[in-house]
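Notes to accompany the following structure.
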Amino acid sequence: MAILVNRESRVICQGITGRNGTFHSIACRDYGTNMVGGVTPGKKGTFVDGIPVFNTVEEAVLETGANVSLIFIPAAHAKDPILEAVDAGIKVIVCITEGIPPLDTASALYTVKQKGSVLIGPNTPGIISPTEKCKVGIMPGYIHTPGPVGVISRSGTLTYEVVDQLTKAGMGQSTCLGLGGDPVVGLSFVDCLKMFKDDPKTEAVVLIGEIGGSAEEQASEYIKGEFRKPVVAYVAGKLAPPGKRMGHAGAIISGGSGTAQGKIEALTRAGVTVVENLTKVGQAVRDILL
Amino acid sequence: MAILVNRESRVICQGITGRNGTFHSIACRDYGTNMVGGVTPGKKGTFVDGIPVFNTVEEAVLETGANVSLIFIPAAHAKDPILEAVDAGIKVIVCITEGIPPLDTASALYTVKQKGSVLIGPNTPGIISPTEKCKVGIMPGYIHTPGPVGVISRSGTLTYEVVDQLTKAGMGQSTCLGLGGDPVVGLSFVDCLKMFKDDPKTEAVVLIGEIGGSAEEQASEYIKGEFRKPVVAYVAGKLAPPGKRMGHAGAIISGGSGTAQGKIEALTRAGVTVVENLTKVGQAVRDILL
Amino acid sequence: MNLHEFQSKSILMEKGVSVPRGLVVYDALEALVAARSLKADKIVLKAQAHSGGRGKAGGISVMSIDDDVRSEAGRILRMNLVTNQTGPQGKPVSALLVEEAPQIDEELYLGVVLDRNDGHVTVMASPAGGMDIETIAKESPEKIYLVKVDPLRGLCPFQSRGLAYKLASKNLIANQIAKAVTALYEIFVSYDCTLAEINPLVVSGEKVLALDAKINLDDHALFRRPEMAGLRDRSQEDPVELSARQAGLSYIKLDGDIGCMVNGAGLAMATLDLISIHGGAPANFLDVGGGASEQVVADATNILLDDTRVKVVFINIFGGILRCDVLARGVIRAIKERGLQLPVIARIEGTNIELGRKLFADSGLQIQMIPSLDEAAELVVVKAKELSAS
Amino acid sequence: MNLHEFQSKSILMEKGVSVPRGLVVYDALEALVAARSLKADKIVLKAQAHSGGRGKAGGISVMSIDDDVRSEAGRILRMNLVTNQTGPQGKPVSALLVEEAPQIDEELYLGVVLDRNDGHVTVMASPAGGMDIETIAKESPEKIYLVKVDPLRGLCPFQSRGLAYKLASKNLIANQIAKAVTALYEIFVSYDCTLAEINPLVVSGEKVLALDAKINLDDHALFRRPEMAGLRDRSQEDPVELSARQAGLSYIKLDGDIGCMVNGAGLAMATLDLISIHGGAPANFLDVGGGASEQVVADATNILLDDTRVKVVFINIFGGILRCDVLARGVIRAIKERGLQLPVIARIEGTNIELGRKLFADSGLQIQMIPSLDEAAELVVVKAKELSAS
């Protein structure tokens with residue numbers, strides 16, 4: 001078991017004939033993912049290393065029964081393929097693209113939610129379920145190993161770092177996913193915790209947060225109320241530069257939340273084991289589960 | 001009992017300080033309607049013959065618990081007040097305004113349906129429930145009388161004509177409503193038939209159709225399948241001028257439906273009593289119910 | 001409000017859709033000069049009139065540049081174009097479009113309408129364009145591809161692309177079709193159209209061209225596009241219908257001799273039906289509308305009385321917003337101003353009916369008031385027949 | 001990309017929002033002439049710099065027209081403006097805005113942001129505008145009115161009106177506020193802003209004026225508004241950060257002496273935290289990004305080595321899309337081109353790690369490879385302290 005993707009997932013890649021699309025479609029298939037097709041308008045009838053290419057997602061779904069899509073489309077045009085995937089009935093959409101104008105993402109996300117699909121990202125490394133041999137993303141597959149730990153992260157490389165530690169500490173992973181680093185993303189910590197709650201193969205969750213927004217604070221509330229599996233958290237950015245202030249409006253809308261210290265305190269109050277030294281996350285999980 | 005509005009309905013008028021708004025708000029109240037307020041931006045704190053005026057629908061709902069709105073706003077600006085009513089939680093919106101650009105109506109209607117409200121009209125005489133002493137519209141109240149007949153119509157004056165006949169024939173009405181004469185309207189015959197089906201006080205329904213569209217054909221399908229109360233129908237436009245053809249596109253989308261003869265045949269096949277002479281509708285209902 | 005083909009094509013061109021090279025001319029010599037300037041072997045002369053079926057009616061000629069273009073252009077420009085859509089009175093030809101006749105490899109269809117049944121703007125496309133598209137729609141509906149557009153989201157690029165790849169496999173062609181689909185949709189919504197249609201959209205070598213186009217605008221939304229008013233061609237409209245519309249009335253000329261004044265489109269149609277049931281023939285459809293003022297009623301009365309074919313006037317009013325007293329005042333004023341020559345039969349009912357009846361009764365005019373609609377209609381027909389016979 | 005107050009106000013004016021009459025000047029004499037031309041008793045001189053808190057830092061002066069405007073303007077123009085938002089290095093004053101100082105009856109607040117938590121553009125309004133708005137937001141959140149805008153529907157007129165009537169009861173004022181709300185929202189979405197704010201929006205007699213305005217644009221969407229590039233004021237940006245951005249890097253200067261090169265913003269932040277845990281002080285935040293090329297890595301290396309404050313370089317890379325061999329090649333190339341002066345400690349992991357290690361090992365450069373991140377961070381701090389002490 002795992003969340004969102006598994007052995008049965010039928011995955012297509014939108015933008016498969018581009019450099020990254022081709023590279024990662026094959027890398028995902030090499031990992032074990034059931035890559036059933038790809039989409040590039042005008043390339044119908046061609047193949048990428050044996051994977052059939054279609055003109056539209058609708059066609060790809062009709063021909064292959066695809067239900068998961070991995071998107072590599074340049075940021076300026078990435079809104080349309082997300083909507084195309086939703087309309088074609090794709091239930092899990094993984095958008096790797098970084099730097100999509102946030103208003104485009106917000107608009108696409110509205111339709112995603114309305115139609116009951118799930119958007120992972122944008123600006124995410126994707127999702128991987130080592131227990132299910134299914135990778136839909138760009139993470140280095142070899143650092144993962146099957147096991148009982150779920151990983152949810154707002155950062156790409158930080159996830160790799162933590163997964164690497166987990167694997168080296170003998171703590172395999174059920175599913176690891178990156179929420180995405182853009183201002184607006186499809187999933188929150190809470191959304192994922194709800195799914196991990198119902199996943200019998202997940203015994204503990206690692207939550208990797210960072211400054212900004214209030215996703216960690218919301219996760220704390222949820223964990224305190226309903227989440228009974230152990231959670232280990234790391235929050236990056238205690239020493240982060242103040243960054244560009246968003247005028248008064250940012251402060252008004254955030255109501256003062258968003259600092260690393262505030263997030264760490266909220267998580268601690270919720271009973272989460274918060275690790276301050278990034279390199280000790282793997283050990284902390286091991287201490288809890290073994 | 002009745003459909004959509006009743007003795008408990010709390011009605012506001014958007015555009016109450018305009019000529020028609022004032023006239024008909026008072027006429028509705030005179031008929032027995034519970035007119036709890038009106039909305040005209042900038043007129044908060046004033047009264048129209050004792051009815052309090054508010055700046056926004058949100059305020060009016062907060063202060064009066066309104067749940068039905070009657071809209072008299074010029075066509076060029078009528079989309080906004082419909083959305084305002086929906087967002088403020090108004091469940092039944094009666095839009096009298098004629099000639100709203102159809103794309104405006106279509107766009108507003110999308111939100112109306114999404115939020116689970118009901119739009120009567122636009123370009124409708126409104127709705128009246130004689131049994132409940134509730135009139136939300138511009139129909140002459142005195143021609144109505146309480147009784148067991150539901151009336152659904154695509155035309156204003158044609159409804160008055162039929163209601164007058166019904167009353168003179170001793171056949172009172174449970175609820176009469178005009179769907180509206182614009183290309184895009186909020187309710188269909190089928191929507192209303194479903195409500196009349198569940199209304200124990202309605203024993204028969206008069207359906208007043210006209211050429212164009214396929215609302216009557218759809219009603220026929222529904223009646224044949226599920227509607228067990230007697231239905232009397234009149235369809236205007238057998239001799240109608242051919243009108244402006246909508247190029248090929250109109251014919252393609254309608255698939256050939258839309259003529260009075262086609263509608264009459266469909267209704268007849270569904271077991272509806274179709275009256276060809278308008279002046280005999282009242283008598284036909286009487287023949288069936290008595 | 002309907003646009004001419006050349007006006008529609010000019011809007012399409014602004015939105016980046018290619019059309020055959022061409023020029024609009026107003027006389028035969030101009031047509032010849034235009035044809036030569038196109039430097040094409042084959043040219044086509046197209047009558048500009050608000051009607052489909054122009055080809056079958058002789059309004060479209062494909063010619064060689066060596067043929068007698070001038071005579072043919074003159075013939076078309078002088079035509080009164082009677083098609084299956086114009087009625088027997090026909091339409092004048094307002095202008096002549098002189099175009100190169102491109103090579104035609106495929107004829108496709110694109111159309112955008114607002115589907116009244118579900119309130120969605122609907123984009124239609126078919127690989128089987130041309131004059132038989134309606135038959136295709138009935139007999140092979142699977143050859144018509146539809147996209148229902150979400151009103152808030154609008155048409156997305158992938159939807160245009162999706163339709164395009166159903167019509168063409170070559171990328172070069174599909175991209176041009178997708179562009180035309182997007183353009184046609186954008187025209188439809190930004191101009192508040194009732195119809196935007198390209199039929200046929202032709203594949204001509206490596207190019208995609210709008211060979212014919214029809215764009216009709218919704219009169220109710222013209223206030224948003226005041227600049228479009230200049231494109232209205234009044235010569236294509238019946239002058240009486242035109243002046244009726246300017247007075248705020250909805251008027252359509254019919255073939256009979258009974259002049260009708262009714263309030264509400266539904267009741268107006270029903271009144272025509274009722275006259276017909278009793279064996280009579282209405283001269284017109286006239287809806288004075290819901291909120292008519294005394295002036296509008298007077299204007300309506302004059303329009304009826306101006307029609308020399310009219311033998312009897314039938315007034316059928318069920319007052320709602322329109323009060324019967326206002327109606328009576330308008331009718332009385334108009335008749336008094338011009339002096340009554342025709343019999344008037346009135347059946348009025350509804351708001352302020354007593355006052356209305358009294359005004360008519362006190363007017364001193366010979367207006368026959370009949371309370372029963374059926375009897376009134378019957379009487380009108382009888383009167384009309386008497387006067388026809390005499 | 002941030003705009004100056006005067007640039008923001010000019011966009012507001014285009015959208016029909018009134019602002020105080022004023023002129024932008026670049027020297028003191030111009031300021032005097034501008035002030036006199038306004039023919040106002042009271043004027044205000046406002047330093048144009050990308051920072052809030054200008055008033056407290058001495059960058060804003062309200063003066064009588066009879067005061068020594070020229071000297072005061074000169075003082076402000078020569079300032080290095082150090083506010084609570086600029087950091088100790090401050091910001092230069094790019095220009096001076098000379099405005100009439102209007103009568104102020106009320107100070108309101110309007111702001112538009114994208115709420116990251118729910119993905120909705122959010123319009124905020126408060127009757128308690130001015131510098132204390134953040135305190136109000138914390139202590140009296142009921143005084144801040146929010147409208148969450150449906151992304152597909154956009155802001156409706158009734159929503160602007162609704163906010164306006166919460167801020168003002170007089171129709172004349174409320175209508176102007178509603179117009180400002182609509183304008184600010186439209187600016188936010190049509191320019192892809194990260195922030196659009198009017199604070200305060202003042203009621204001045206019967207007029208509503210934007211007394212101060214702040215519009216920041218999202219760099220990711222600038223491709224849609226190429227014309228906005230001309231409004232960028234590079235003098236307000238740190239030159240190193242600027243050149244880093246032009247190289248495709250995300251770089252922020254900090255106060256320490258350990259130069260950091262990391263891939264990924266999260267890992268970069270975590271690396272700073274780790275250095276701090278071990279008692280060290282990073283000189284910068286530097287994220288080379290996910291898909292960096294060899295050239296970008298070389299540029300990043302040069303930026304680190306150019307910084308004279310840097311004593312030790314710490315490379316922490318977990319290769320995903322960025323392959324370790326690409327990283328190694330970029331670092332080696334940059335160091336070989338300039339000759340190595342500083343100790344480099346590298347901890348690399350991830351895609352093509354073996355190849356990366358081999359490249360470093362074979363390079364002949366003294367780059368210390370430490371497999372453990374924690375040990376690497378510890379060693380970097382020790383090295384930096386040694387070098388500081390020596």
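Chain lettering (A, B, ...) mirrors the order of the structure tokens, residue numbering begins at 1 for each chain separately, and ligand numbering begins at 1 in order of display.
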Practice item. Name all residues at most 7 Å from range 137-151 of chain B (count only C-alpha atoms; drop same-chain ones fewer than 6 positions away) and give them as a VMD selection string. Key: (chain B and resid 24 31 125 to 127 130 to 131 163 to 164 167 171 to 177 201 to 207) or (chain C and resid 320 to 321 350 to 351)
Saved selection, atoms kept: C-alpha atoms, as a CSV table (one decimal), in the first residue's frame:
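The resulting file, selection_10.csv, is reproduced below:
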```
chain,number,residue,atom,x,y,z
B,24,HIS,CA,-44.0,46.0,-7.4
B,31,TYR,CA,-50.9,40.7,-2.1
B,125,PRO,CA,-43.2,37.7,-14.6
B,126,GLY,CA,-42.0,35.8,-11.5
B,127,ILE,CA,-43.7,33.3,-9.2
B,130,PRO,CA,-52.1,31.9,-4.3
B,131,THR,CA,-52.5,29.2,-1.6
B,163,VAL,CA,-54.5,31.8,-15.1
B,164,ASP,CA,-57.5,34.0,-15.8
B,167,THR,CA,-59.8,31.1,-12.1
B,171,MET,CA,-59.7,26.0,-11.0
B,172,GLY,CA,-57.5,27.7,-8.5
B,173,GLN,CA,-53.7,27.6,-8.6
B,174,SER,CA,-51.1,26.2,-6.2
B,175,THR,CA,-48.1,27.9,-7.7
B,176,CYS,CA,-47.6,29.7,-11.1
B,177,LEU,CA,-44.3,30.6,-12.4
B,201,LYS,CA,-51.2,20.5,-3.0
B,202,THR,CA,-50.7,20.3,-6.7
B,203,GLU,CA,-53.0,17.9,-8.5
B,204,ALA,CA,-52.5,18.9,-12.1
B,205,VAL,CA,-50.0,21.0,-14.0
B,206,VAL,CA,-50.5,23.4,-17.0
B,207,LEU,CA,-47.5,23.7,-19.1
C,320,GLY,CA,-49.4,43.2,-16.3
C,321,ILE,CA,-46.7,45.9,-16.1
C,350,GLY,CA,-55.6,42.8,-16.6
C,351,THR,CA,-54.2,45.7,-14.6
```
Practice item. Give as number ranges by chain every residue of chain C that touches chain B within 8 Å, counting only C-alpha atoms. Key: C: 52, 85, 111-120, 124, 133-134, 137-138, 151-152, 189, 192, 194-195, 197, 214, 218, 220-221, 223, 252, 254, 263-267, 269-270, 272-274, 276-277, 285, 318-321, 350-351, 373-374
Exercise for review: Apply DSSP to the structure's backbone, then extract all residues of range 87-165 of chain B labelled strand (DSSP E or B) and return them as a PyMOL selection string.
Suggested key: chain B and resi 92-95+118-120+126-129+134-137+146-153
Review point. So which bits of range 10-185 of chain A end up helix (DSSP H, G or I) when you DSSP the backbone, as a ChimeraX atom specification?
Key: /A:19-31,57-64,75-77,79-87,102-114,130-132,141-143,156-168
Exercise for review: Please provide the set of residues having any atom within 10 Å of Arg269 in chain B, restricted to only C-alpha atoms, with same-chain residues fewer than 4 positions apart removed, written as an NGL selection string.
Suggested key: :B and (220-221 or 223-224 or 263-265 or 273)
Store the residues picked out above in a file with N, CA, C and O atoms, as a PDB file, in the first residue's frame.
```pdb
ATOM      1  N   SER B 220     -41.450  16.358 -22.068  1.00  0.00           N
ATOM      2  CA  SER B 220     -42.210  15.190 -22.527  1.00  0.00           C
ATOM      3  C   SER B 220     -41.539  13.906 -22.061  1.00  0.00           C
ATOM      4  O   SER B 220     -42.193  12.988 -21.562  1.00  0.00           O
ATOM      5  N   GLU B 221     -40.230  13.840 -22.235  1.00  0.00           N
ATOM      6  CA  GLU B 221     -39.482  12.658 -21.805  1.00  0.00           C
ATOM      7  C   GLU B 221     -39.684  12.402 -20.320  1.00  0.00           C
ATOM      8  O   GLU B 221     -39.921  11.281 -19.882  1.00  0.00           O
ATOM      9  N   ILE B 223     -42.081  13.519 -18.323  1.00  0.00           N
ATOM     10  CA  ILE B 223     -43.471  13.187 -17.980  1.00  0.00           C
ATOM     11  C   ILE B 223     -43.754  11.725 -18.296  1.00  0.00           C
ATOM     12  O   ILE B 223     -44.332  10.997 -17.489  1.00  0.00           O
ATOM     13  N   LYS B 224     -43.316  11.317 -19.478  1.00  0.00           N
ATOM     14  CA  LYS B 224     -43.540   9.926 -19.886  1.00  0.00           C
ATOM     15  C   LYS B 224     -42.928   8.988 -18.855  1.00  0.00           C
ATOM     16  O   LYS B 224     -43.508   7.984 -18.469  1.00  0.00           O
ATOM     17  N   LYS B 263     -43.117  19.851 -30.847  1.00  0.00           N
ATOM     18  CA  LYS B 263     -43.343  19.889 -29.401  1.00  0.00           C
ATOM     19  C   LYS B 263     -44.715  19.301 -29.057  1.00  0.00           C
ATOM     20  O   LYS B 263     -44.862  18.541 -28.101  1.00  0.00           O
ATOM     21  N   ILE B 264     -45.715  19.682 -29.854  1.00  0.00           N
ATOM     22  CA  ILE B 264     -47.075  19.189 -29.606  1.00  0.00           C
ATOM     23  C   ILE B 264     -47.102  17.670 -29.724  1.00  0.00           C
ATOM     24  O   ILE B 264     -47.685  16.968 -28.887  1.00  0.00           O
ATOM     25  N   GLU B 265     -46.409  17.165 -30.739  1.00  0.00           N
ATOM     26  CA  GLU B 265     -46.386  15.703 -30.917  1.00  0.00           C
ATOM     27  C   GLU B 265     -45.686  15.007 -29.759  1.00  0.00           C
ATOM     28  O   GLU B 265     -46.156  13.984 -29.248  1.00  0.00           O
ATOM     29  N   THR B 273     -52.392  16.313 -22.285  1.00  0.00           N
ATOM     30  CA  THR B 273     -53.536  16.851 -23.022  1.00  0.00           C
ATOM     31  C   THR B 273     -53.117  18.164 -23.662  1.00  0.00           C
ATOM     32  O   THR B 273     -52.944  19.170 -22.971  1.00  0.00           O
TER      33      THR B 273
END
```
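Shortest separation to chain C among D:Asp132, D:Arg153, D:Ala180, D:Arg333 occurs at residue D:Arg153, atoms counted being only C-alpha atoms.
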